file final21.txt (compact mmCIF, C-alpha atoms)
# COMPACT_ATOMS: atom_id res chain seq x y z
CA MET A 1 111.64 102.80 87.33
CA LYS A 2 107.99 103.02 88.41
CA ILE A 3 108.57 106.16 90.46
CA PHE A 4 109.28 108.20 87.31
CA LYS A 5 105.78 107.42 86.05
CA GLU A 6 104.21 108.99 89.16
CA TYR A 7 103.44 112.28 87.40
CA GLY A 8 100.91 113.28 90.06
CA PHE A 9 103.57 112.88 92.75
CA PHE A 10 106.04 115.25 91.09
CA LEU A 11 103.26 117.69 90.17
CA ALA A 12 102.14 117.76 93.81
CA ILE A 13 105.71 118.49 94.95
CA ALA A 14 106.03 121.25 92.34
CA ALA A 15 102.70 122.78 93.43
CA LEU A 16 103.73 122.59 97.08
CA MET A 17 107.00 124.38 96.42
CA GLY A 18 105.71 126.91 93.88
CA LEU A 19 102.44 127.91 95.55
CA GLY A 20 104.06 127.79 98.96
CA TYR A 21 106.65 130.32 97.78
CA TYR A 22 104.11 132.64 96.12
CA GLU A 23 101.31 132.16 98.70
CA HIS A 24 101.59 135.65 100.18
CA VAL A 25 101.72 137.32 96.77
CA LEU A 26 98.69 135.42 95.43
CA SER A 27 96.63 135.95 98.58
CA GLN A 28 96.74 139.72 98.12
CA SER A 29 94.21 139.69 95.26
CA VAL A 30 90.93 137.97 94.44
CA ALA A 31 92.30 136.63 91.14
CA GLY A 32 95.39 135.30 92.93
CA ASN A 33 93.25 133.57 95.57
CA LEU A 34 91.07 131.96 92.92
CA LEU A 35 94.13 130.85 90.96
CA GLY A 36 95.81 129.39 94.04
CA PHE A 37 92.64 127.69 95.23
CA GLY A 38 91.85 126.25 91.78
CA LEU A 39 95.36 124.90 91.20
CA LEU A 40 95.62 123.39 94.68
CA PHE A 41 92.16 121.83 94.49
CA ALA A 42 92.99 120.24 91.11
CA VAL A 43 96.37 118.94 92.31
CA ILE A 44 94.89 117.54 95.54
CA VAL A 45 92.12 115.76 93.60
CA LEU A 46 94.80 114.35 91.26
CA ALA A 47 96.81 113.16 94.27
CA ALA A 48 93.66 111.68 95.83
CA SER A 49 93.02 109.84 92.55
CA ALA A 50 96.55 108.45 92.76
CA VAL A 51 95.72 107.25 96.28
CA ALA A 52 92.72 105.43 94.79
CA HIS A 53 94.92 103.96 92.02
CA HIS A 54 97.41 102.48 94.47
CA ALA A 55 94.57 101.33 96.75
CA GLU A 56 92.89 99.60 93.78
CA LEU A 57 96.10 97.74 92.94
CA LEU A 58 96.46 96.66 96.56
CA ALA A 59 92.79 95.64 96.42
CA GLU A 60 93.47 93.52 93.34
CA LYS A 61 96.39 91.91 95.11
CA PHE A 62 94.47 91.04 98.28
CA GLY A 63 90.95 90.59 96.85
CA GLU A 64 87.49 91.58 98.13
CA PRO A 65 86.28 92.70 100.58
CA TYR A 66 89.83 93.69 101.59
CA GLY A 67 90.06 95.80 98.44
CA THR A 68 87.08 97.98 99.28
CA LEU A 69 88.31 98.26 102.88
CA ILE A 70 91.72 99.52 101.71
CA LEU A 71 90.09 102.06 99.40
CA THR A 72 87.62 103.40 101.96
CA ILE A 73 90.20 103.61 104.76
CA SER A 74 92.61 105.44 102.42
CA ALA A 75 89.88 107.95 101.55
CA VAL A 76 88.99 108.42 105.23
CA VAL A 77 92.65 108.97 106.17
CA VAL A 78 92.87 111.66 103.48
CA GLU A 79 89.71 113.22 104.93
CA ILE A 80 91.03 113.14 108.51
CA VAL A 81 94.33 114.74 107.47
CA ILE A 82 92.59 117.55 105.58
CA ILE A 83 90.03 118.21 108.34
CA ALA A 84 92.70 118.26 111.06
CA ILE A 85 94.87 120.73 109.15
CA MET A 86 91.95 123.00 108.20
CA SER A 87 90.62 122.90 111.78
CA LEU A 88 94.00 124.10 113.05
CA HIS A 89 93.92 126.86 110.47
CA GLU A 90 90.30 128.00 110.77
CA HIS A 91 89.20 126.93 114.29
CA ASN A 92 85.77 126.22 112.82
CA PRO A 93 83.82 124.21 115.46
CA VAL A 94 81.35 122.73 112.92
CA LEU A 95 83.88 121.76 110.21
CA VAL A 96 83.96 118.11 111.32
CA ARG A 97 80.17 117.89 111.52
CA ASP A 98 79.61 119.53 108.16
CA THR A 99 82.33 117.46 106.46
CA VAL A 100 80.98 114.14 107.74
CA TYR A 101 77.44 115.16 106.77
CA SER A 102 78.62 116.29 103.30
CA ALA A 103 80.62 113.09 102.81
CA ILE A 104 77.54 110.95 103.49
CA MET A 105 75.45 113.02 101.08
CA LEU A 106 78.16 112.71 98.43
CA ASP A 107 78.67 108.97 98.94
CA ILE A 108 75.07 107.76 99.20
CA ASN A 109 73.17 110.28 97.12
CA GLY A 110 75.86 111.48 94.73
CA LEU A 111 78.19 108.53 94.18
CA LEU A 112 75.68 105.71 94.55
CA GLY A 113 72.90 107.60 92.76
CA PHE A 114 75.02 108.53 89.74
CA SER A 115 76.56 105.04 89.54
CA ALA A 116 73.09 103.42 89.63
CA ILE A 117 71.97 105.68 86.78
CA VAL A 118 74.93 104.97 84.47
CA GLY A 119 74.86 101.27 85.33
CA GLY A 120 71.09 101.10 84.93
CA ILE A 121 71.23 102.74 81.50
CA LYS A 122 73.70 100.10 80.36
CA TYR A 123 72.37 96.99 82.09
CA GLY A 124 68.80 97.76 83.21
CA GLU A 125 68.97 96.24 86.68
CA GLN A 126 72.17 95.47 88.57
CA PRO A 127 72.18 92.87 91.36
CA TYR A 128 74.08 92.95 94.66
CA ASN A 129 73.93 91.16 98.01
CA VAL A 130 71.10 92.74 100.01
CA ASP A 131 72.70 91.58 103.28
CA SER A 132 75.51 94.08 102.75
CA SER A 133 73.24 97.12 102.36
CA ASN A 134 71.14 96.08 105.38
CA SER A 135 74.26 95.73 107.51
CA TYR A 136 75.67 99.08 106.45
CA ILE A 137 72.43 101.02 106.93
CA SER A 138 71.73 99.60 110.39
CA MET A 139 75.28 100.53 111.46
CA LEU A 140 74.91 104.01 109.98
CA LEU A 141 71.68 104.61 111.90
CA VAL A 142 73.31 103.67 115.20
CA ALA A 143 76.55 105.57 114.53
CA LEU A 144 74.89 108.78 113.28
CA GLY A 145 72.34 108.78 116.09
CA THR A 146 75.01 108.25 118.73
CA ALA A 147 77.56 110.77 117.47
CA MET A 148 75.58 113.49 115.71
CA VAL A 149 72.04 113.51 117.12
CA MET A 150 72.41 112.66 120.83
CA PRO A 151 75.03 115.40 121.57
CA ALA A 152 72.24 117.96 121.17
CA PHE A 153 70.53 116.41 124.23
CA VAL A 154 73.63 115.99 126.43
CA ASP A 155 74.29 118.58 129.13
CA ALA A 156 77.38 120.71 128.46
CA ALA A 157 78.95 119.61 131.75
CA HIS A 158 78.98 116.00 130.59
CA LEU A 159 79.64 116.57 126.88
CA LYS A 160 83.38 115.84 127.00
CA SER A 161 82.89 112.51 128.75
CA TYR A 162 80.11 111.66 126.29
CA LEU A 163 82.41 112.39 123.33
CA TYR A 164 85.06 110.06 124.73
CA PHE A 165 82.34 107.49 125.32
CA ASN A 166 81.72 107.80 121.56
CA VAL A 167 85.41 107.23 120.85
CA ALA A 168 85.40 104.00 122.85
CA ILE A 169 82.10 102.78 121.37
CA PHE A 170 83.15 103.58 117.81
CA VAL A 171 86.47 101.76 118.16
CA VAL A 172 84.59 98.67 119.35
CA LEU A 173 81.97 99.05 116.59
CA TYR A 174 84.61 99.35 113.89
CA ILE A 175 86.59 96.35 115.16
CA VAL A 176 83.46 94.19 115.40
CA PHE A 177 82.12 95.28 112.02
CA THR A 178 85.51 94.79 110.32
CA ARG A 179 85.75 91.28 111.75
CA ILE A 180 82.24 90.52 110.50
CA GLN A 181 83.07 91.98 107.08
CA LEU A 182 86.38 90.17 106.66
CA LYS A 183 85.88 86.95 108.60
CA THR A 184 82.62 85.62 110.04
CA HIS A 185 80.17 87.10 107.49
CA ARG A 186 82.41 87.92 104.59
CA TYR A 187 79.84 86.47 102.19
CA PHE A 188 77.47 89.32 103.14
CA PHE A 189 79.68 91.73 101.21
CA GLU A 190 80.21 89.59 98.12
CA TYR A 191 77.86 88.89 95.26
CA ARG A 192 77.79 85.75 93.14
CA PRO A 193 75.40 85.13 90.25
CA ALA A 194 72.96 82.27 90.79
CA LYS A 195 74.82 80.04 88.34
CA GLU A 196 77.91 80.33 90.50
CA SER A 197 76.19 79.89 93.85
CA GLN A 198 76.56 76.13 93.74
CA LYS A 199 80.29 76.33 93.19
CA SER A 200 82.63 75.93 96.11
CA ASP A 201 84.25 79.02 97.56
CA GLU A 202 87.56 79.55 95.86
CA SER A 203 90.40 81.35 97.54
CA HIS A 204 91.61 84.61 96.10
CA VAL A 205 94.24 84.23 93.38
CA ALA A 206 97.44 86.05 94.28
CA HIS A 207 98.96 88.65 91.97
CA PRO A 208 102.75 88.35 92.39
CA SER A 209 103.31 90.99 89.68
CA ILE A 210 101.78 93.66 91.96
CA ASN A 211 104.41 95.03 94.34
CA GLY A 212 102.57 95.50 97.62
CA TRP A 213 105.41 97.39 99.32
CA TYR A 214 105.78 99.90 96.48
CA HIS A 215 102.09 100.71 96.28
CA SER A 216 101.75 100.92 100.07
CA ILE A 217 104.66 103.37 100.34
CA MET A 218 103.41 105.51 97.45
CA LEU A 219 99.93 105.56 98.99
CA LEU A 220 101.38 106.91 102.26
CA LEU A 221 103.55 109.47 100.45
CA TYR A 222 100.56 110.78 98.50
CA ILE A 223 98.55 111.11 101.73
CA ALA A 224 101.43 113.07 103.31
CA LEU A 225 101.57 115.38 100.28
CA ILE A 226 97.81 115.91 100.42
CA GLY A 227 98.18 116.98 104.05
CA ALA A 228 100.88 119.52 103.18
CA LEU A 229 98.89 120.87 100.21
CA SER A 230 95.76 121.11 102.35
CA GLU A 231 97.46 123.57 104.66
CA LEU A 232 97.97 125.90 101.70
CA LEU A 233 94.45 125.21 100.44
CA ALA A 234 92.95 126.27 103.78
CA GLY A 235 94.40 129.76 103.44
CA PHE A 236 93.23 130.31 99.88
CA MET A 237 89.81 128.83 100.67
CA ALA A 238 89.26 131.10 103.66
CA HIS A 239 90.06 134.22 101.65
CA THR A 240 87.88 133.12 98.71
CA LEU A 241 84.82 132.24 100.82
CA SER A 242 85.14 135.47 102.78
CA HIS A 243 85.41 137.64 99.65
CA PHE A 244 82.36 136.16 97.93
CA GLY A 245 80.34 135.89 101.14
CA LEU A 246 79.85 132.14 100.73
CA PRO A 247 78.82 129.97 103.71
CA LEU A 248 81.65 128.19 105.54
CA VAL A 249 79.94 124.86 104.89
CA ILE A 250 81.18 125.11 101.28
CA GLY A 251 84.66 124.49 102.67
CA ALA A 252 83.44 121.30 104.32
CA VAL A 253 81.88 120.18 101.03
CA ALA A 254 85.21 120.81 99.29
CA VAL A 255 86.97 118.58 101.84
CA ALA A 256 84.38 115.84 101.37
CA LEU A 257 84.62 116.15 97.58
CA ILE A 258 88.40 115.75 97.63
CA SER A 259 88.19 112.56 99.69
CA ALA A 260 85.24 111.21 97.66
CA ALA A 261 86.78 111.89 94.22
CA PRO A 262 88.80 108.64 94.05
CA GLU A 263 85.81 106.62 95.26
CA LEU A 264 83.54 108.23 92.65
CA ILE A 265 85.91 107.27 89.84
CA THR A 266 86.19 103.70 91.12
CA ALA A 267 82.42 103.36 91.66
CA VAL A 268 81.50 104.57 88.17
CA ARG A 269 84.00 102.14 86.66
CA ALA A 270 82.50 99.32 88.72
CA ALA A 271 78.94 100.26 87.66
CA LEU A 272 79.93 100.25 83.99
CA GLU A 273 81.43 96.77 84.52
CA ASN A 274 78.20 95.54 86.17
CA ARG A 275 79.80 95.24 89.60
CA MET A 276 77.14 96.94 91.71
CA GLN A 277 78.29 95.08 94.83
CA THR A 278 81.53 97.04 94.67
CA VAL A 279 79.58 100.30 94.32
CA VAL A 280 77.41 99.46 97.35
CA ASN A 281 80.48 98.49 99.39
CA ILE A 282 82.24 101.74 98.45
CA ALA A 283 79.29 104.12 98.92
CA LEU A 284 77.87 102.72 102.15
CA GLY A 285 81.22 101.46 103.44
CA ALA A 286 82.86 104.86 102.95
CA SER A 287 79.95 106.57 104.72
CA LEU A 288 80.23 104.20 107.67
CA ALA A 289 84.03 104.47 107.81
CA THR A 290 83.77 108.27 107.73
CA VAL A 291 81.54 108.26 110.81
CA LEU A 292 83.32 105.51 112.74
CA LEU A 293 86.88 106.72 112.04
CA THR A 294 86.77 110.45 111.32
CA ILE A 295 84.66 111.45 114.33
CA PRO A 296 86.73 109.62 117.01
CA ALA A 297 89.98 110.83 115.43
CA MET A 298 88.81 114.44 115.40
CA ILE A 299 87.44 114.22 118.95
CA VAL A 300 90.92 113.24 120.16
CA VAL A 301 92.73 115.79 117.94
CA SER A 302 90.36 118.60 118.94
CA ASP A 303 90.83 117.83 122.64
CA MET A 304 94.63 117.63 122.33
CA MET A 305 94.85 120.87 120.34
CA GLN A 306 92.16 122.63 122.42
CA LEU A 307 90.03 123.21 119.31
CA PRO A 308 86.26 123.86 119.53
CA LEU A 309 84.12 120.94 118.32
CA HIS A 310 80.37 120.85 117.70
CA LEU A 311 78.96 117.60 116.32
CA ALA A 312 75.19 117.99 116.79
CA LEU A 313 73.41 118.18 113.44
CA THR A 314 71.10 121.05 112.50
CA PRO A 315 67.38 120.30 111.90
CA VAL A 316 67.92 120.63 108.13
CA GLN A 317 70.83 118.16 108.23
CA ILE A 318 68.85 115.69 110.37
CA GLY A 319 65.91 115.91 107.96
CA LEU A 320 68.04 115.26 104.86
CA LEU A 321 69.94 112.40 106.52
CA LEU A 322 66.72 110.74 107.66
CA LEU A 323 65.21 111.15 104.19
CA THR A 324 68.36 109.68 102.63
CA LEU A 325 68.39 106.66 104.95
CA LEU A 326 64.64 106.05 104.56
CA VAL A 327 64.91 106.11 100.77
CA SER A 328 67.93 103.80 101.02
CA ILE A 329 66.01 101.33 103.20
CA VAL A 330 63.19 101.19 100.64
CA ASN A 331 65.52 101.01 97.61
CA PHE A 332 67.90 98.44 99.11
CA GLN A 333 65.34 95.76 99.96
CA ASP A 334 65.27 93.80 96.69
CA GLY A 335 68.97 93.30 95.91
CA GLU A 336 68.88 95.19 92.59
CA THR A 337 69.43 98.80 91.54
CA ASN A 338 67.96 100.61 88.55
CA VAL A 339 67.83 104.05 86.95
CA LEU A 340 64.80 105.19 89.00
CA GLU A 341 66.47 104.40 92.32
CA GLY A 342 69.61 106.19 91.20
CA PHE A 343 67.58 109.19 90.04
CA LEU A 344 65.87 109.48 93.44
CA HIS A 345 69.24 109.66 95.19
CA VAL A 346 70.50 112.24 92.71
CA VAL A 347 67.38 114.35 93.43
CA LEU A 348 68.26 114.20 97.15
CA PHE A 349 71.82 115.19 96.32
CA THR A 350 70.53 118.18 94.35
CA LEU A 351 68.39 119.14 97.34
CA PHE A 352 71.47 118.89 99.56
CA VAL A 353 73.38 121.32 97.30
CA PHE A 354 70.41 123.71 97.18
CA MET A 355 70.05 123.74 100.98
CA LEU A 356 73.71 124.68 101.40
CA PHE A 357 72.86 128.18 100.21
CA ILE A 358 69.49 128.72 101.92
CA GLY A 359 69.57 126.47 104.97
CA PRO A 360 70.51 127.77 108.44
call {"tool": "encode", "arguments": {"input": "final21.txt", "output": "structure tokens"}}
result
Amino acid sequence: MKIFKEYGFFLAIAALMGLGYYEHVLSQSVAGNLLGFGLLFAVIVLAASAVAHHAELLAEKFGEPYGTLILTISAVVVEIVIIAIMSLHEHNPVLVRDTVYSAIMLDINGLLGFSAIVGGIKYGEQPYNVDSSNSYISMLLVALGTAMVMPAFVDAAHLKSYLYFNVAIFVVLYIVFTRIQLKTHRYFFEYRPAKESQKSDESHVAHPSINGWYHSIMLLLYIALIGALSELLAGFMAHTLSHFGLPLVIGAVAVALISAAPELITAVRAALENRMQTVVNIALGASLATVLLTIPAMIVVSDMMQLPLHLALTPVQIGLLLLTLLVSIVNFQDGETNVLEGFLHVVLFTLFVFMLFIGP
């Protein structure tokens, strides 16, 4: 049976039971905290990779751009689950803001930059549909400005109503953009070589050998396990950060890294197979989905659970996001990526990491 080959599933259950039982013992020492945090982080990344594996198979079954949509939504759901659980544990008002910001830095500068470098080394220049990058970036500018810049200028008395205004606007934006991506302008998010452009549009070939129900159920089970493991991770992470005097934003980066790990693996594979369109869809699509889905979900959860929430970006974060989007606008205007463009994004990612330790 397929279930017996799900080694990550059984390892996650074993980690949940074992570390859950010994949590109090391990948390009493620095070595125990590091051990618990390291094991949980590794198991959660493995489980997140399994989420990506099942999402990829569902993607193969249903075709593009549905495939990328399944992968990015799966990653965002993992992110929402982890943030919600850690917020309940830590009551950190800026965890959502810092996680969304870190996820965008990881996706655009880390994932896309590294993929463009490895793909560029192998193929020189890699083409994609420039309409897709333009669509994503324009949406990102509107979404980030609305949710993470404007709150700094809204009076505290009206902040709650403004946040729920964001929820309503983002639901509409996501529905409209998804319809455009899957229906009316689906061709924006696909790339066909010139020699194939004259061919008629062929429908996606079904894959009857791929069991959609099995992979959907396993995907949901892995997400549930990640949520349970994240509750344990929050405790070990809090103790570890406190002991070493590390900034709390490192915890947000860890959350973003867990959710981005499956996407990074998939994107690098796509770059090595000369499928830069898939990389662009994953990197920019995941960034957009993170903003449009994570923020409204956490606004509602925070209000229901009476948790503090602060979404306004710091000046350093605004500066790095603007620099990232400006570089993206310049790089994504010719429909091809290369090593230099990838290197520029990796430099920005390195700057992001550096500023974590010295920025306010």
call {"tool": "atom_distance", "arguments": {"input": "final21.txt", "atom1": "atom CA of A:Ala261", "atom2": "atom CA of A:Leu233"}}
result
16.6 Å
call {"tool": "residues_around", "arguments": {"input": "final21.txt", "residues": "A:Leu323", "least_positions_apart": "6", "cutoff": "10 Å", "atoms": "only C-alpha atoms", "output": "PyMOL selection string"}}
result
chain A and resi 317+329+345+348
call {"tool": "closest_residue", "arguments": {"input": "final21.txt", "among": "A:Val176, A:Leu309, A:Ile70, A:Val45", "to": "A:Leu95", "atoms": "only C-alpha atoms"}}
result
A:Leu309
call {"tool": "residues_around", "arguments": {"input": "final21.txt", "residues": "A:Ser29", "least_positions_apart": "6", "cutoff": "12 Å", "atoms": "all atoms listed in the file", "output": "list of chain:residue names"}}
result
A:Glu23, A:Leu35, A:Gly36, A:Phe236, A:His239, A:Thr240, A:His243
call {"tool": "write_last_selection", "arguments": {"input": "final21.txt", "atoms": "C-alpha atoms", "output": "mmCIF file, keeping the file's coordinate frame"}}
result
data_model
loop_
_atom_site.group_PDB
_atom_site.id
_atom_site.type_symbol
_atom_site.label_atom_id
_atom_site.label_comp_id
_atom_site.auth_asym_id
_atom_site.auth_seq_id
_atom_site.Cartn_x
_atom_site.Cartn_y
_atom_site.Cartn_z
ATOM 1 C CA GLU A 23 101.310 132.160 98.700
ATOM 2 C CA LEU A 35 94.130 130.850 90.960
ATOM 3 C CA GLY A 36 95.810 129.390 94.040
ATOM 4 C CA PHE A 236 93.230 130.310 99.880
ATOM 5 C CA HIS A 239 90.060 134.220 101.650
ATOM 6 C CA THR A 240 87.880 133.120 98.710
ATOM 7 C CA HIS A 243 85.410 137.640 99.650
#
call {"tool": "residues_near_point", "arguments": {"input": "final21.txt", "point": "(91.8, 120.2, 110.2)", "cutoff": "10 Å", "atoms": "only C-alpha atoms", "output": "JSON, numbers by chain"}}
result
{"A": [79, 80, 81, 82, 83, 84, 85, 86, 87, 88, 89, 90, 91, 92, 95, 96, 227, 230, 231, 234, 255, 298, 301, 302, 307]}
call {"tool": "residues_around", "arguments": {"input": "final21.txt", "residues": "A:Leu225", "least_positions_apart": "2", "cutoff": "9 Å", "atoms": "all atoms listed in the file", "output": "count of residues only"}}
result
14
call {"tool": "atom_distance", "arguments": {"input": "final21.txt", "atom1": "atom CA of A:Ser115", "atom2": "atom CA of A:Val77"}}
result
23.5 Å
call {"tool": "atom_distance", "arguments": {"input": "final21.txt", "atom1": "atom CA of A:Leu111", "atom2": "atom CA of A:Ile318"}}
result
20.0 Å
call {"tool": "closest_residue", "arguments": {"input": "final21.txt", "among": "A:Ala252, A:Leu288, A:Leu163, A:Leu58", "to": "A:Ser209", "atoms": "all atoms listed in the file"}}
result
A:Leu58
call {"tool": "closest_atom_pairs", "arguments": {"input": "final21.txt", "of": "stretch 101-170 of chain A", "to": "stretch 266-273 of chain A", "cutoff": "7 Å", "atoms": "only C-alpha atoms", "output": "tab-separated table"}}
result
residue	atom	partner	partner_atom	distance
A:Ser115	CA	A:Val268	CA	5.1
A:Ala116	CA	A:Ala271	CA	6.9
A:Val118	CA	A:Leu272	CA	6.9
A:Gly119	CA	A:Ala271	CA	4.8
call {"tool": "closest_residue", "arguments": {"input": "final21.txt", "among": "A:Ile250, A:Val171, A:Ala50, A:Val130", "to": "A:Val353", "atoms": "all atoms listed in the file"}}
result
A:Ile250
call {"tool": "closest_residue", "arguments": {"input": "final21.txt", "among": "A:Leu144, A:Val78, A:Val253, A:Ile108", "to": "A:Leu284", "atoms": "all atoms listed in the file"}}
result
A:Ile108
call {"tool": "closest_atom_pairs", "arguments": {"input": "final21.txt", "of": "stretch 210-288 of chain A", "to": "stretch 124-127 of chain A", "cutoff": "10 Å", "atoms": "all atoms listed in the file", "output": "tab-separated table"}}
result
residue	atom	partner	partner_atom	distance
A:Ala271	CA	A:Gln126	CA	8.3
A:Asn274	CA	A:Gln126	CA	6.5
A:Arg275	CA	A:Gln126	CA	7.7
A:Met276	CA	A:Gln126	CA	6.1
A:Gln277	CA	A:Pro127	CA	7.4
call {"tool": "axis_aligned_box", "arguments": {"input": "final21.txt", "around": "stretch 179-185 of chain A", "padding_each_side": "6 Å", "output": "lines of an AutoDock Vina configuration file"}}
result
center_x = 83.3
center_y = 88.8
center_z = 109.2
size_x = 18.2
size_y = 18.4
size_z = 17.1
call {"tool": "closest_residue", "arguments": {"input": "final21.txt", "among": "A:Ile210, A:Val330, A:His310, A:Ile169", "to": "A:Ala59", "atoms": "all atoms listed in the file"}}
result
A:Ile210
call {"tool": "closest_residue", "arguments": {"input": "final21.txt", "among": "A:Trp213, A:Tyr164, A:Phe153, A:Tyr136", "to": "A:Phe332", "atoms": "all atoms listed in the file"}}
result
A:Tyr136
